[in-house]
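Below is one structure, written out as structure tokens, with a few remarks after it.
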Amino acid sequence: FHLDRLLLHSPPFAAAWNDFMRQVRTGLSLPPKLREIAICAVAVLNRAEYEFHHHAPLLLDAGGTAEQVEALRRLEQGGGLAPVFDAAERAVIRLTTEMTRAVQVGDDTFAAVRAALPSEQQAVELVGVIAAYNMVSRFLVALGVEPE
């Protein structure tokens with residue numbers, strides 16, 4: 001299955017999806033590298049290989065390293081704590097993990113995210129990116145979408 005073909009089974013859903021996700025991918029003030037770290041972490045945590053396959057190259061394009069991509073692949077084995085990530089990136093991974101696994105987020109996790117980002121806007125956008133890509137990954141996994 002291919003995501004675009006599946007979405008076209010419902011034109012209104014496809015149109016809304018594409019408009020929303022375009023803003024999430026290109027319209028935010030959140031740095032692209034942090035956005036892509038969050039997206040790749042969601043993909044790994046939810047076993048959405050299609051999502052990881054498409055976003056790992058975007059992480060590299062945004063300044064991520066091959067070592068970071070590999071550490072994210074090992075996220076559930078402690079890869080998110082790897083020394084290849086700086087404090088801000090570890091805060092993003094921690095928030096992503098808590099939101100994806102437990103939904104609720106600890107005060108100390110939010111404090112770390114707020115300390116890592118320059119504005120409340122970016123903190124809110126990060127939460128939105130994580131929530132949006134949890135939606136994407138759940139859609140992909142439920143419908144069995146795999147990399148081409």
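Just remember, in the structure tokens the first chain shown is A, the second B, etc., residues are 1-based per chain, and ligands are 1-based in the order shown.
Every protein, DNA or RNA residue with an atom at most 12 Å from Trp17 (chain A), where only C-alpha atoms count and chain neighbours fewer than 2 positions away do not, is listed here: Leu3, Asp4, Leu6, Leu7, Leu8, Ser10, Pro11, Pro12, Phe13, Ala14, Ala15, Asp19, Phe20, Met21, Arg22, Gln23, Val24, Arg25, Ala132, Tyr133, Met135, Val136 and Phe139 of chain A.
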Output file for the selection above: C-alpha atoms, as an mmCIF file, in the first residue's frame:
data_model
loop_
_atom_site.group_PDB
_atom_site.id
_atom_site.type_symbol
_atom_site.label_atom_id
_atom_site.label_comp_id
_atom_site.auth_asym_id
_atom_site.auth_seq_id
_atom_site.Cartn_x
_atom_site.Cartn_y
_atom_site.Cartn_z
ATOM 1 C CA LEU A 3 -0.086 6.314 1.800
ATOM 2 C CA ASP A 4 -1.285 8.736 -0.889
ATOM 3 C CA LEU A 6 -4.968 5.088 0.727
ATOM 4 C CA LEU A 7 -5.810 8.676 1.595
ATOM 5 C CA LEU A 8 -7.512 9.155 -1.761
ATOM 6 C CA SER A 10 -11.578 9.683 1.136
ATOM 7 C CA PRO A 11 -10.947 12.932 -0.758
ATOM 8 C CA PRO A 12 -12.093 15.189 2.132
ATOM 9 C CA PHE A 13 -9.834 13.324 4.545
ATOM 10 C CA ALA A 14 -6.915 13.446 2.088
ATOM 11 C CA ALA A 15 -7.294 17.193 1.534
ATOM 12 C CA ASP A 19 -3.076 20.738 4.430
ATOM 13 C CA PHE A 20 -2.488 19.990 8.101
ATOM 14 C CA MET A 21 0.658 17.927 7.608
ATOM 15 C CA ARG A 22 2.138 20.514 5.209
ATOM 16 C CA GLN A 23 1.914 23.097 7.992
ATOM 17 C CA VAL A 24 3.430 20.680 10.508
ATOM 18 C CA ARG A 25 6.324 19.916 8.142
ATOM 19 C CA ALA A 132 0.510 14.715 14.700
ATOM 20 C CA TYR A 133 3.070 12.036 13.929
ATOM 21 C CA MET A 135 -1.632 10.077 14.353
ATOM 22 C CA VAL A 136 0.360 9.381 11.184
ATOM 23 C CA PHE A 139 -2.722 5.272 10.538
#
Residues of region 46-103 of chain A that approach region 113-119 of chain A to 9 Å or less, counting only C-alpha atoms: could you list each one with the shortest pair of atoms and its distance in Å to one decimal, rows by chain and increasing residue number, as CSV?
residue,atom,partner,partner_atom,distance
A:Ala87,CA,A:Ala116,CA,7.2
A:Ala88,CA,A:Ala116,CA,4.8
A:Glu89,CA,A:Ala116,CA,8.3
A:Ala91,CA,A:Val113,CA,5.4
A:Val92,CA,A:Val113,CA,6.6
A:Arg94,CA,A:Val113,CA,8.8
A:Leu95,CA,A:Val113,CA,7.4
If we count only C-alpha atoms and set the cut-off at 10 Å, which residues sit around Glu125 (chain A), ignoring sequence neighbours fewer than 6 positions away in its own chain? Please answer as a ChimeraX atom specification. /A:24,28-30,35,119,131
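Across the structure, CA of Ala111 (chain A) and CA of Ala123 (chain A) are spaced 10.2 Å apart.
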Measuring atom to atom with only C-alpha atoms, identify which of A:Gln121, A:His54, A:Ile93, A:Val42 is nearest to Thr109 (chain A). A:Ile93
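The nearest approach to Ala48 (chain A) among the residues A:Leu72, A:Met99, A:Val105, A:Val141, with only C-alpha atoms taken into account, belongs to A:Val141.
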Could you pull out the residues in chain A that DSSP calls alpha helix (DSSP H) from the backbone, as a ChimeraX atom specification? /A:3-7,11-26,32-45,49-61,66-73,87-101,107-116,120-142
Neighbouring residues of Pro147 (chain A) were defined as those with any atom within 7 Å, considering only C-alpha atoms; residues of the same chain fewer than 6 positions away were excluded. Please report them as an NGL selection string. :A and (49-50 or 53)
Please save N, CA, C and O atoms of the selected residues as a PDB file, in the first residue's frame.
ATOM      1  N   GLU A  49       7.643   1.671  10.289  1.00  0.00           N
ATOM      2  CA  GLU A  49       8.853   1.683   9.461  1.00  0.00           C
ATOM      3  C   GLU A  49       8.714   2.625   8.264  1.00  0.00           C
ATOM      4  O   GLU A  49       9.680   3.263   7.865  1.00  0.00           O
ATOM      5  N   TYR A  50       7.540   2.727   7.687  1.00  0.00           N
ATOM      6  CA  TYR A  50       7.315   3.644   6.562  1.00  0.00           C
ATOM      7  C   TYR A  50       7.683   5.067   6.974  1.00  0.00           C
ATOM      8  O   TYR A  50       8.371   5.782   6.244  1.00  0.00           O
ATOM      9  N   HIS A  53      11.467   5.355   7.511  1.00  0.00           N
ATOM     10  CA  HIS A  53      12.124   5.277   6.201  1.00  0.00           C
ATOM     11  C   HIS A  53      12.106   6.632   5.488  1.00  0.00           C
ATOM     12  O   HIS A  53      13.083   7.016   4.838  1.00  0.00           O
TER      13      HIS A  53
END
Using only C-alpha atoms, determine which residues lie at most 9 Å from Arg101 (chain A), disregarding the query and same-chain residues fewer than 3 positions distant; provide the list as a PyMOL selection string. chain A and resi 45-46+96-98+104
Export, as a PDB file, in the first residue's frame, the selected residues with all heavy atoms.
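New file part_22.pdb:
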ATOM      1  N   LEU A  45       9.097   4.127  18.130  1.00  0.00           N
ATOM      2  CA  LEU A  45       8.280   3.705  19.277  1.00  0.00           C
ATOM      3  C   LEU A  45       6.993   3.014  18.841  1.00  0.00           C
ATOM      4  O   LEU A  45       6.515   2.103  19.521  1.00  0.00           O
ATOM      5  CB  LEU A  45       7.973   4.905  20.175  1.00  0.00           C
ATOM      6  CG  LEU A  45       9.183   5.490  20.901  1.00  0.00           C
ATOM      7  CD1 LEU A  45       8.828   6.846  21.501  1.00  0.00           C
ATOM      8  CD2 LEU A  45       9.701   4.531  21.968  1.00  0.00           C
ATOM      9  N   ASN A  46       6.442   3.450  17.709  1.00  0.00           N
ATOM     10  CA  ASN A  46       5.182   2.871  17.223  1.00  0.00           C
ATOM     11  C   ASN A  46       5.386   1.824  16.130  1.00  0.00           C
ATOM     12  O   ASN A  46       4.419   1.345  15.555  1.00  0.00           O
ATOM     13  CB  ASN A  46       4.254   3.983  16.713  1.00  0.00           C
ATOM     14  CG  ASN A  46       3.682   4.787  17.849  1.00  0.00           C
ATOM     15  OD1 ASN A  46       3.567   4.315  18.976  1.00  0.00           O
ATOM     16  ND2 ASN A  46       3.326   6.028  17.576  1.00  0.00           N
ATOM     17  N   THR A  96       8.993  13.007  23.560  1.00  0.00           N
ATOM     18  CA  THR A  96       8.383  12.139  22.551  1.00  0.00           C
ATOM     19  C   THR A  96       8.047  10.777  23.138  1.00  0.00           C
ATOM     20  O   THR A  96       6.956  10.237  22.910  1.00  0.00           O
ATOM     21  CB  THR A  96       9.327  11.975  21.346  1.00  0.00           C
ATOM     22  OG1 THR A  96       9.648  13.264  20.822  1.00  0.00           O
ATOM     23  CG2 THR A  96       8.688  11.124  20.265  1.00  0.00           C
ATOM     24  N   THR A  97       8.972  10.236  23.905  1.00  0.00           N
ATOM     25  CA  THR A  97       8.750   8.908  24.502  1.00  0.00           C
ATOM     26  C   THR A  97       7.594   8.952  25.493  1.00  0.00           C
ATOM     27  O   THR A  97       6.710   8.088  25.461  1.00  0.00           O
ATOM     28  CB  THR A  97      10.045   8.415  25.176  1.00  0.00           C
ATOM     29  OG1 THR A  97      11.073   8.364  24.182  1.00  0.00           O
ATOM     30  CG2 THR A  97       9.849   7.041  25.784  1.00  0.00           C
ATOM     31  N   GLU A  98       7.574   9.946  26.356  1.00  0.00           N
ATOM     32  CA  GLU A  98       6.484  10.024  27.344  1.00  0.00           C
ATOM     33  C   GLU A  98       5.136  10.251  26.671  1.00  0.00           C
ATOM     34  O   GLU A  98       4.150   9.599  27.018  1.00  0.00           O
ATOM     35  CB  GLU A  98       6.768  11.125  28.369  1.00  0.00           C
ATOM     36  CG  GLU A  98       7.858  10.732  29.345  1.00  0.00           C
ATOM     37  CD  GLU A  98       8.068  11.743  30.458  1.00  0.00           C
ATOM     38  OE1 GLU A  98       7.111  12.461  30.832  1.00  0.00           O
ATOM     39  OE2 GLU A  98       9.212  11.808  30.962  1.00  0.00           O
ATOM     40  N   GLN A 104       0.513  11.233  29.153  1.00  0.00           N
ATOM     41  CA  GLN A 104       0.817  12.260  30.143  1.00  0.00           C
ATOM     42  C   GLN A 104       2.322  12.472  30.210  1.00  0.00           C
ATOM     43  O   GLN A 104       3.108  11.544  30.020  1.00  0.00           O
ATOM     44  CB  GLN A 104       0.287  11.867  31.517  1.00  0.00           C
ATOM     45  CG  GLN A 104      -1.228  11.908  31.579  1.00  0.00           C
ATOM     46  CD  GLN A 104      -1.718  11.632  32.985  1.00  0.00           C
ATOM     47  OE1 GLN A 104      -1.280  10.685  33.618  1.00  0.00           O
ATOM     48  NE2 GLN A 104      -2.632  12.462  33.447  1.00  0.00           N
TER      49      GLN A 104
END
Computed interatomic separation between CA of Pro31 (chain A) and CA of Leu140 (chain A) (Å): 25.0 Å
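Considering only C-alpha atoms, the residue among A:Val44, A:Gly144, A:Val124, A:Thr26 positioned nearest to Gln77 (chain A) is A:Val44.
You will find CA of Val84 (chain A) at 24.8 Å from CA of Gly128 (chain A).
Distance annotation: of A:Ile39, A:Leu34, A:Val69, A:Ala62, the residue with the minimal separation from Gln122 (chain A) is A:Leu34; atom set is only C-alpha atoms.
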